[in-house]
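Next up, my_file.txt (compact mmCIF, N, CA and C atoms and all ligand atoms):
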```txt
# COMPACT_ATOMS: atom_id res chain seq x y z
N MET I 1 11.74 0.56 21.13
CA MET I 1 11.42 1.30 19.89
C MET I 1 11.00 0.34 18.79
N SER I 2 9.82 0.52 18.36
CA SER I 2 9.36 -0.38 17.30
C SER I 2 9.17 0.43 16.02
N GLU I 3 10.22 1.03 15.63
CA GLU I 3 10.10 1.88 14.44
C GLU I 3 10.57 1.15 13.20
N GLY I 4 11.02 -0.03 13.41
CA GLY I 4 11.53 -0.78 12.27
C GLY I 4 10.43 -1.54 11.57
N LYS I 5 9.42 -0.80 11.17
CA LYS I 5 8.31 -1.45 10.50
C LYS I 5 8.70 -1.74 9.05
N VAL I 6 8.34 -2.89 8.63
CA VAL I 6 8.75 -3.30 7.30
C VAL I 6 7.55 -3.75 6.49
N ILE I 7 7.57 -3.38 5.24
CA ILE I 7 6.51 -3.82 4.35
C ILE I 7 7.10 -4.85 3.39
N ARG I 8 6.33 -5.81 3.10
CA ARG I 8 6.82 -6.83 2.15
C ARG I 8 6.04 -6.72 0.85
N ILE I 9 6.76 -6.53 -0.19
CA ILE I 9 6.13 -6.47 -1.50
C ILE I 9 6.80 -7.48 -2.41
N ARG I 10 6.03 -7.89 -3.35
CA ARG I 10 6.58 -8.87 -4.29
C ARG I 10 6.91 -8.18 -5.60
N CYS I 11 8.02 -8.54 -6.12
CA CYS I 11 8.45 -7.96 -7.37
C CYS I 11 7.46 -8.35 -8.47
N PRO I 12 6.97 -7.35 -9.20
CA PRO I 12 5.99 -7.61 -10.25
C PRO I 12 6.60 -8.33 -11.45
N ASN I 13 7.87 -8.37 -11.47
CA ASN I 13 8.54 -9.06 -12.57
C ASN I 13 8.30 -10.56 -12.46
N LEU I 14 7.61 -11.08 -13.43
CA LEU I 14 7.25 -12.50 -13.37
C LEU I 14 8.47 -13.39 -13.37
N ALA I 15 9.52 -12.88 -13.93
CA ALA I 15 10.74 -13.68 -13.98
C ALA I 15 11.53 -13.58 -12.68
N CYS I 16 10.99 -12.77 -11.78
CA CYS I 16 11.72 -12.56 -10.53
C CYS I 16 10.84 -12.94 -9.34
N GLN I 17 9.76 -12.14 -9.16
CA GLN I 17 8.81 -12.39 -8.07
C GLN I 17 9.49 -12.52 -6.72
N ARG I 18 10.48 -11.74 -6.57
CA ARG I 18 11.19 -11.80 -5.32
C ARG I 18 10.46 -10.94 -4.28
N VAL I 19 10.40 -11.44 -3.08
CA VAL I 19 9.74 -10.68 -2.01
C VAL I 19 10.77 -9.75 -1.38
N LEU I 20 10.41 -8.48 -1.44
CA LEU I 20 11.32 -7.49 -0.92
C LEU I 20 10.78 -6.91 0.38
N ALA I 21 11.65 -6.73 1.31
CA ALA I 21 11.27 -6.11 2.58
C ALA I 21 11.78 -4.67 2.56
N VAL I 22 10.83 -3.75 2.55
CA VAL I 22 11.21 -2.35 2.49
C VAL I 22 10.70 -1.64 3.74
N PRO I 23 11.38 -0.63 4.17
CA PRO I 23 10.93 0.12 5.35
C PRO I 23 9.58 0.79 5.11
N ALA I 24 8.82 0.89 6.17
CA ALA I 24 7.46 1.42 6.03
C ALA I 24 7.47 2.88 5.62
N HIS I 25 8.52 3.58 5.96
CA HIS I 25 8.53 5.01 5.63
C HIS I 25 8.81 5.23 4.15
N ALA I 26 9.04 4.14 3.44
CA ALA I 26 9.31 4.28 2.01
C ALA I 26 8.06 4.08 1.19
N ARG I 27 6.92 4.16 1.87
CA ARG I 27 5.68 3.93 1.15
C ARG I 27 5.46 5.01 0.10
N GLY I 28 4.97 4.57 -1.02
CA GLY I 28 4.69 5.50 -2.10
C GLY I 28 5.94 5.88 -2.88
N LYS I 29 7.05 5.36 -2.44
CA LYS I 29 8.28 5.67 -3.15
C LYS I 29 8.69 4.51 -4.05
N LEU I 30 9.81 4.70 -4.65
CA LEU I 30 10.29 3.67 -5.55
C LEU I 30 11.51 2.98 -4.96
N VAL I 31 11.49 1.70 -5.09
CA VAL I 31 12.65 0.94 -4.64
C VAL I 31 13.12 0.06 -5.79
N ARG I 32 14.31 -0.34 -5.69
CA ARG I 32 14.83 -1.20 -6.74
C ARG I 32 14.94 -2.63 -6.24
N CYS I 33 14.43 -3.50 -7.05
CA CYS I 33 14.48 -4.91 -6.69
C CYS I 33 15.92 -5.38 -6.71
N ARG I 34 16.23 -6.13 -5.69
CA ARG I 34 17.61 -6.62 -5.62
C ARG I 34 17.82 -7.80 -6.54
N GLY I 35 16.71 -8.37 -6.93
CA GLY I 35 16.84 -9.56 -7.76
C GLY I 35 17.02 -9.23 -9.22
N CYS I 36 16.24 -8.25 -9.70
CA CYS I 36 16.27 -7.98 -11.13
C CYS I 36 16.54 -6.50 -11.42
N SER I 37 16.80 -5.75 -10.38
CA SER I 37 17.11 -4.32 -10.52
C SER I 37 15.95 -3.55 -11.14
N MET I 38 14.78 -4.09 -10.98
CA MET I 38 13.62 -3.41 -11.51
C MET I 38 13.09 -2.41 -10.48
N THR I 39 12.60 -1.30 -10.96
CA THR I 39 12.07 -0.30 -10.04
C THR I 39 10.63 -0.63 -9.69
N ILE I 40 10.39 -0.74 -8.43
CA ILE I 40 9.07 -1.11 -7.96
C ILE I 40 8.51 0.00 -7.10
N ARG I 41 7.24 0.22 -7.27
CA ARG I 41 6.59 1.24 -6.47
C ARG I 41 5.94 0.60 -5.25
N ILE I 42 6.25 1.14 -4.12
CA ILE I 42 5.70 0.58 -2.90
C ILE I 42 4.29 1.09 -2.70
N PRO I 43 3.37 0.19 -2.58
CA PRO I 43 1.97 0.60 -2.43
C PRO I 43 1.74 1.28 -1.10
N LEU I 44 0.79 2.15 -1.11
CA LEU I 44 0.44 2.85 0.13
C LEU I 44 -0.28 1.88 1.06
N PRO I 45 -0.19 2.18 2.33
CA PRO I 45 -0.81 1.28 3.31
C PRO I 45 -2.32 1.32 3.24
N LYS I 46 -2.90 0.29 3.79
CA LYS I 46 -4.35 0.24 3.80
C LYS I 46 -4.88 1.00 5.01
N LYS I 47 -6.14 0.98 5.11
CA LYS I 47 -6.77 1.76 6.17
C LYS I 47 -6.45 1.21 7.55
N ARG I 48 -6.10 -0.02 7.58
CA ARG I 48 -5.88 -0.64 8.89
C ARG I 48 -4.44 -0.43 9.37
N ASP I 49 -3.97 0.73 9.19
CA ASP I 49 -2.64 1.01 9.67
C ASP I 49 -2.75 1.88 10.92
N ALA I 50 -2.43 1.30 12.01
CA ALA I 50 -2.61 2.03 13.27
C ALA I 50 -1.54 3.10 13.45
N GLU I 51 -0.54 3.00 12.65
CA GLU I 51 0.55 3.96 12.82
C GLU I 51 0.10 5.35 12.38
N GLU I 52 -0.56 5.40 11.29
CA GLU I 52 -1.04 6.68 10.81
C GLU I 52 -2.56 6.69 10.86
N ALA I 53 -3.07 7.49 11.72
CA ALA I 53 -4.52 7.54 11.87
C ALA I 53 -5.10 8.44 10.79
N GLU I 54 -5.26 7.86 9.66
CA GLU I 54 -5.83 8.64 8.57
C GLU I 54 -7.34 8.54 8.59
N GLU I 55 -7.94 9.60 8.19
CA GLU I 55 -9.39 9.58 8.19
C GLU I 55 -9.90 8.71 7.07
N THR I 56 -10.81 7.88 7.43
CA THR I 56 -11.35 6.99 6.43
C THR I 56 -12.49 7.68 5.69
N GLU I 57 -12.27 7.80 4.44
CA GLU I 57 -13.32 8.45 3.65
C GLU I 57 -14.12 7.42 2.87
N GLU I 58 -14.52 6.46 3.62
CA GLU I 58 -15.30 5.41 2.96
C GLU I 58 -16.72 5.43 3.46
N THR I 59 -17.27 6.59 3.48
CA THR I 59 -18.65 6.69 3.93
C THR I 59 -19.57 6.56 2.74
N GLN I 60 -20.12 5.41 2.64
CA GLN I 60 -21.01 5.19 1.51
C GLN I 60 -22.41 5.65 1.87
N GLU I 61 -22.68 6.83 1.45
CA GLU I 61 -24.01 7.35 1.75
C GLU I 61 -24.98 6.94 0.67
N GLN I 62 -25.92 6.19 1.10
CA GLN I 62 -26.90 5.74 0.12
C GLN I 62 -28.00 6.78 -0.02
N GLU I 63 -28.05 7.32 -1.17
CA GLU I 63 -29.07 8.32 -1.38
C GLU I 63 -30.45 7.70 -1.37
N PRO I 64 -31.33 8.34 -0.67
CA PRO I 64 -32.71 7.83 -0.66
C PRO I 64 -33.32 7.93 -2.06
N ALA I 65 -33.76 6.82 -2.50
CA ALA I 65 -34.29 6.78 -3.85
C ALA I 65 -35.30 7.89 -4.11
N ALA I 66 -34.83 8.84 -4.88
CA ALA I 66 -35.73 9.98 -5.15
C ALA I 66 -36.77 9.58 -6.19
N GLY I 67 -37.69 8.85 -5.74
CA GLY I 67 -38.70 8.40 -6.69
C GLY I 67 -39.81 9.41 -6.83
N SER I 68 -40.17 9.62 -8.04
CA SER I 68 -41.24 10.57 -8.26
C SER I 68 -42.59 9.86 -8.16
N ALA I 69 -43.15 10.03 -7.04
CA ALA I 69 -44.39 9.32 -6.82
C ALA I 69 -45.56 10.01 -7.52
ZN ZN U 101 12.70 -8.41 -9.19
```

Go ahead and render the structure in this file as structure tokens.
Amino acid sequence: MSEGKVIRIRCPNLACQRVLAVPAHARGKLVRCRGCSMTIRIPLPKKRDAEEAEETEETQEQEPAAGSA
């Protein structure tokens, strides 16, 4: 079972900058830094997350230059 996926985030507190290991299922939630007790928001995963096959909506459709000839 490889369900113990962990995300590492760095505390935004410049006076702390502690790297926190939080469970992957806590994405988008708030965690408290153990170093400074600051509440940190866990960023959502990027597109390259094989765990959740999210549809990539990065289709950059280049509109054909509608030039008025
Ligand atoms: Zn901290």

Practice item. Within 6.5 Å of ligand ZN 101 (chain U), which residues show up when you count all atoms listed in the file? List them as an MDAnalysis selection string, please. Key: chainID I and resid 11:13 15:18 33:38

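Shortest atom-to-atom contact with Ile7 in chain I among I:Leu30, I:Val22, I:Ile40, I:Ala65: I:Val22, counting only C-alpha atoms.
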
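Across the structure, CA of Leu14 in chain I and CA of Pro43 in chain I are spaced 17.9 Å apart.
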
**Study point:** Distance of CA of Arg27 in chain I from atom N of Gly4 in chain I, expressed in Å to one decimal place
**Key:** 13.9 Å

Check your understanding: How many Å separate CA of Gly28 in chain I from CA of Val6 in chain I?
Key ->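 Atom-to-atom, CA of Gly28 in chain I and CA of Val6 in chain I are spaced 13.5 Å apart.
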
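Nearest to Leu44 in chain I of all the residues I:Arg32, I:Leu20, I:Ala26, I:Gly67 is I:Ala26, based on only N, CA and C atoms.
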
Give me the box for range 24-30 of chain I as AutoDock Vina command-line options, namely the centre and edge lengths in Å to one decimal of a box along x, y and z that holds every listed atom plus 5 Å on each side.
```
--center_x 8.1 --center_y 3.4 --center_z 0.3 --size_x 16.8 --size_y 15.0 --size_z 21.7
```
